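**Q** Input structure: start_22.pdb, which contains PDB, C-alpha atoms.
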```
ATOM      1  CA  MET Y 536       0.000   0.000   0.000  1.00  0.00           C
ATOM      2  CA  ARG Y 537       1.427   3.401  -1.000  1.00  0.00           C
ATOM      3  CA  SER Y 538       0.024   5.503   1.820  1.00  0.00           C
ATOM      4  CA  SER Y 539       2.099   3.717   4.487  1.00  0.00           C
ATOM      5  CA  GLY Y 540       5.284   5.280   3.074  1.00  0.00           C
ATOM      6  CA  HIS Y 541       3.762   8.735   3.137  1.00  0.00           C
ATOM      7  CA  ARG Y 542       2.429   8.180   6.618  1.00  0.00           C
ATOM      8  CA  ARG Y 543       5.880   7.177   7.866  1.00  0.00           C
ATOM      9  CA  LEU Y 544       7.389  10.251   6.221  1.00  0.00           C
ATOM     10  CA  PHE Y 545       4.948  12.666   7.831  1.00  0.00           C
ATOM     11  CA  CYS Y 546       5.348  10.998  11.216  1.00  0.00           C
ATOM     12  CA  SER Y 547       9.126  11.329  11.024  1.00  0.00           C
ATOM     13  CA  ARG Y 548      10.452  13.888  13.490  1.00  0.00           C
ATOM     14  CA  SER Y 549      13.322  14.857  11.178  1.00  0.00           C
ATOM     15  CA  PHE Y 550      10.991  15.484   8.241  1.00  0.00           C
ATOM     16  CA  ALA Y 551       8.698  17.555  10.451  1.00  0.00           C
ATOM     17  CA  ALA Y 552      11.636  19.707  11.542  1.00  0.00           C
ATOM     18  CA  VAL Y 553      12.831  20.205   7.961  1.00  0.00           C
ATOM     19  CA  TRP Y 554       9.322  21.179   6.879  1.00  0.00           C
ATOM     20  CA  ALA Y 555       8.459  23.342   9.908  1.00  0.00           C
ATOM     21  CA  GLY Y 556      11.575  25.536   9.731  1.00  0.00           C
ATOM     22  CA  PRO Y 557      10.837  27.179   6.376  1.00  0.00           C
ATOM     23  CA  ALA Y 558       7.115  27.354   7.185  1.00  0.00           C
ATOM     24  CA  ILE Y 559       7.779  29.283  10.398  1.00  0.00           C
ATOM     25  CA  SER Y 560      10.273  31.512   8.596  1.00  0.00           C
ATOM     26  CA  PHE Y 561       7.693  32.268   5.881  1.00  0.00           C
ATOM     27  CA  VAL Y 562       5.084  33.292   8.470  1.00  0.00           C
ATOM     28  CA  GLY Y 563       7.654  35.474  10.248  1.00  0.00           C
ATOM     29  CA  ASP Y 564       8.577  37.180   6.986  1.00  0.00           C
ATOM     30  CA  ARG Y 565       4.941  37.999   6.296  1.00  0.00           C
ATOM     31  CA  PHE Y 566       4.450  39.461   9.792  1.00  0.00           C
ATOM     32  CA  HIS Y 567       7.587  41.545   9.280  1.00  0.00           C
ATOM     33  CA  TRP Y 568       6.261  42.927   5.975  1.00  0.00           C
ATOM     34  CA  LEU Y 569       3.065  43.895   7.783  1.00  0.00           C
ATOM     35  CA  ALA Y 570       4.578  45.223  11.017  1.00  0.00           C
ATOM     36  CA  VAL Y 571       7.224  47.583   9.619  1.00  0.00           C
ATOM     37  CA  PRO Y 572       4.851  49.858   7.677  1.00  0.00           C
ATOM     38  CA  ILE Y 573       2.413  49.936  10.590  1.00  0.00           C
ATOM     39  CA  MET Y 574       5.208  50.850  13.009  1.00  0.00           C
ATOM     40  CA  VAL Y 575       6.658  53.511  10.701  1.00  0.00           C
ATOM     41  CA  GLU Y 576       3.221  55.066  10.198  1.00  0.00           C
ATOM     42  CA  GLY Y 577       2.622  55.072  13.937  1.00  0.00           C
ATOM     43  CA  LEU Y 578       5.976  56.709  14.673  1.00  0.00           C
ATOM     44  CA  THR Y 579       6.052  59.269  11.854  1.00  0.00           C
ATOM     45  CA  GLY Y 580       2.466  59.687  10.660  1.00  0.00           C
ATOM     46  CA  SER Y 581       3.880  60.090   7.157  1.00  0.00           C
ATOM     47  CA  ALA Y 582       2.772  58.054   4.153  1.00  0.00           C
ATOM     48  CA  LEU Y 583       6.010  59.020   2.409  1.00  0.00           C
ATOM     49  CA  MET Y 584       8.096  57.474   5.190  1.00  0.00           C
ATOM     50  CA  VAL Y 585       5.968  54.315   5.071  1.00  0.00           C
ATOM     51  CA  GLU Y 586       6.619  54.013   1.358  1.00  0.00           C
ATOM     52  CA  LEU Y 587      10.342  54.705   1.726  1.00  0.00           C
ATOM     53  CA  SER Y 588      10.638  52.038   4.427  1.00  0.00           C
ATOM     54  CA  THR Y 589       8.762  49.537   2.243  1.00  0.00           C
ATOM     55  CA  ILE Y 590      10.978  50.280  -0.744  1.00  0.00           C
ATOM     56  CA  SER Y 591      14.164  50.055   1.318  1.00  0.00           C
ATOM     57  CA  ASN Y 592      12.935  46.758   2.724  1.00  0.00           C
ATOM     58  CA  ALA Y 593      12.367  45.395  -0.806  1.00  0.00           C
ATOM     59  CA  LEU Y 594      15.660  46.542  -2.351  1.00  0.00           C
ATOM     60  CA  PRO Y 595      17.812  43.645  -1.091  1.00  0.00           C
ATOM     61  CA  MET Y 596      15.351  41.137  -2.550  1.00  0.00           C
ATOM     62  CA  LEU Y 597      15.396  43.008  -5.837  1.00  0.00           C
ATOM     63  CA  PHE Y 598      19.189  42.899  -6.078  1.00  0.00           C
ATOM     64  CA  TRP Y 599      20.029  39.552  -4.459  1.00  0.00           C
ATOM     65  CA  GLY Y 600      16.767  37.647  -4.669  1.00  0.00           C
ATOM     66  CA  ARG Y 601      15.384  35.340  -2.042  1.00  0.00           C
TER      67      ARG Y 601
END
```
What does the file become when written as structure tokens?
**A**
Amino acid sequence: MRSSGHRRLFCSRSFAAVWAGPAISFVGDRFHWLAVPIMVEGLTGSALMVELSTISNALPMLFWGR
């Protein structure tokens, strides 16, 4: 039966750790992309500063990818 191999894989602690690491990192990245503009707007009250912080946050990904 094919499903027994998949079941063993998903029950493996090592596989779970390898899968969970990038998943947690992805969620953290998305919270970061949301939190920085909110924080900048709260501190400065300026839409221009929010946009500049968003652009400066995106520049490394533009140049080096991720």
**Q** Would you mind telling me which residue in Y:Trp554, Y:Met596, Y:Ser588, Y:Arg542 lies nearest to Glu576 (chain Y) when using only C-alpha atoms?
**A**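 Once distances to Glu576 (chain Y) are computed over only C-alpha atoms, the minimum belongs to Y:Ser588.
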**Q** So how many Å separate CA of Ser549 (chain Y) and CA of Val562 (chain Y), to one decimal?
**A**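 Atom-to-atom, CA of Ser549 (chain Y) to CA of Val562 (chain Y), that is 20.4 Å.
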**Q** Show me the residues around (15.1, 47.8, 8.8) - criterion: an atom at most 10 Å away, only C-alpha atoms counted - as a VMD selection string.
**A** chain Y and resid 567 571 588 to 589 591 to 592
**Q** What does the structure give for the distance between CA of Asp564 (chain Y) and CA of Phe545 (chain Y), in Å to one decimal?
**A**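 Going from CA of Asp564 (chain Y) over to CA of Phe545 (chain Y) covers 24.8 Å.
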**Q** Could you pull region 578-595 of chain Y out of the block above and save it with N, CA and C atoms, as a tab-separated table (two decimals), in the first residue's frame?
**A**
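Done, and the output landed in out_38.tsv:
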```tsv
chain	number	residue	atom	x	y	z
Y	578	LEU	N	4.92	55.84	14.14
Y	578	LEU	CA	5.98	56.71	14.67
Y	578	LEU	C	6.07	58.04	13.94
Y	579	THR	N	5.85	58.04	12.63
Y	579	THR	CA	6.05	59.27	11.85
Y	579	THR	C	4.76	59.92	11.40
Y	580	GLY	N	3.71	59.15	11.18
Y	580	GLY	CA	2.47	59.69	10.66
Y	580	GLY	C	2.56	60.10	9.20
Y	581	SER	N	3.63	59.66	8.52
Y	581	SER	CA	3.88	60.09	7.16
Y	581	SER	C	3.75	58.91	6.20
Y	582	ALA	N	2.91	59.08	5.18
Y	582	ALA	CA	2.77	58.05	4.15
Y	582	ALA	C	4.05	57.93	3.33
Y	583	LEU	N	4.74	59.05	3.15
Y	583	LEU	CA	6.01	59.02	2.41
Y	583	LEU	C	7.04	58.16	3.13
Y	584	MET	N	7.14	58.28	4.43
Y	584	MET	CA	8.10	57.47	5.19
Y	584	MET	C	7.71	56.00	5.17
Y	585	VAL	N	6.43	55.71	5.18
Y	585	VAL	CA	5.97	54.31	5.07
Y	585	VAL	C	6.42	53.74	3.74
Y	586	GLU	N	6.23	54.50	2.68
Y	586	GLU	CA	6.62	54.01	1.36
Y	586	GLU	C	8.13	53.87	1.23
Y	587	LEU	N	8.88	54.81	1.77
Y	587	LEU	CA	10.34	54.70	1.73
Y	587	LEU	C	10.84	53.50	2.51
Y	588	SER	N	10.22	53.21	3.65
Y	588	SER	CA	10.64	52.04	4.43
Y	588	SER	C	10.29	50.75	3.69
Y	589	THR	N	9.15	50.72	3.01
Y	589	THR	CA	8.76	49.54	2.24
Y	589	THR	C	9.70	49.32	1.07
Y	590	ILE	N	10.05	50.39	0.38
Y	590	ILE	CA	10.98	50.28	-0.74
Y	590	ILE	C	12.35	49.84	-0.26
Y	591	SER	N	12.84	50.44	0.82
Y	591	SER	CA	14.16	50.05	1.32
Y	591	SER	C	14.17	48.62	1.83
Y	592	ASN	N	13.05	48.15	2.28
Y	592	ASN	CA	12.94	46.76	2.72
Y	592	ASN	C	12.95	45.80	1.53
Y	593	ALA	N	12.46	46.25	0.38
Y	593	ALA	CA	12.37	45.40	-0.81
Y	593	ALA	C	13.64	45.42	-1.65
Y	594	LEU	N	14.47	46.42	-1.51
Y	594	LEU	CA	15.66	46.54	-2.35
Y	594	LEU	C	16.60	45.34	-2.28
Y	595	PRO	N	16.93	44.82	-1.11
Y	595	PRO	CA	17.81	43.64	-1.09
Y	595	PRO	C	17.25	42.46	-1.87
```
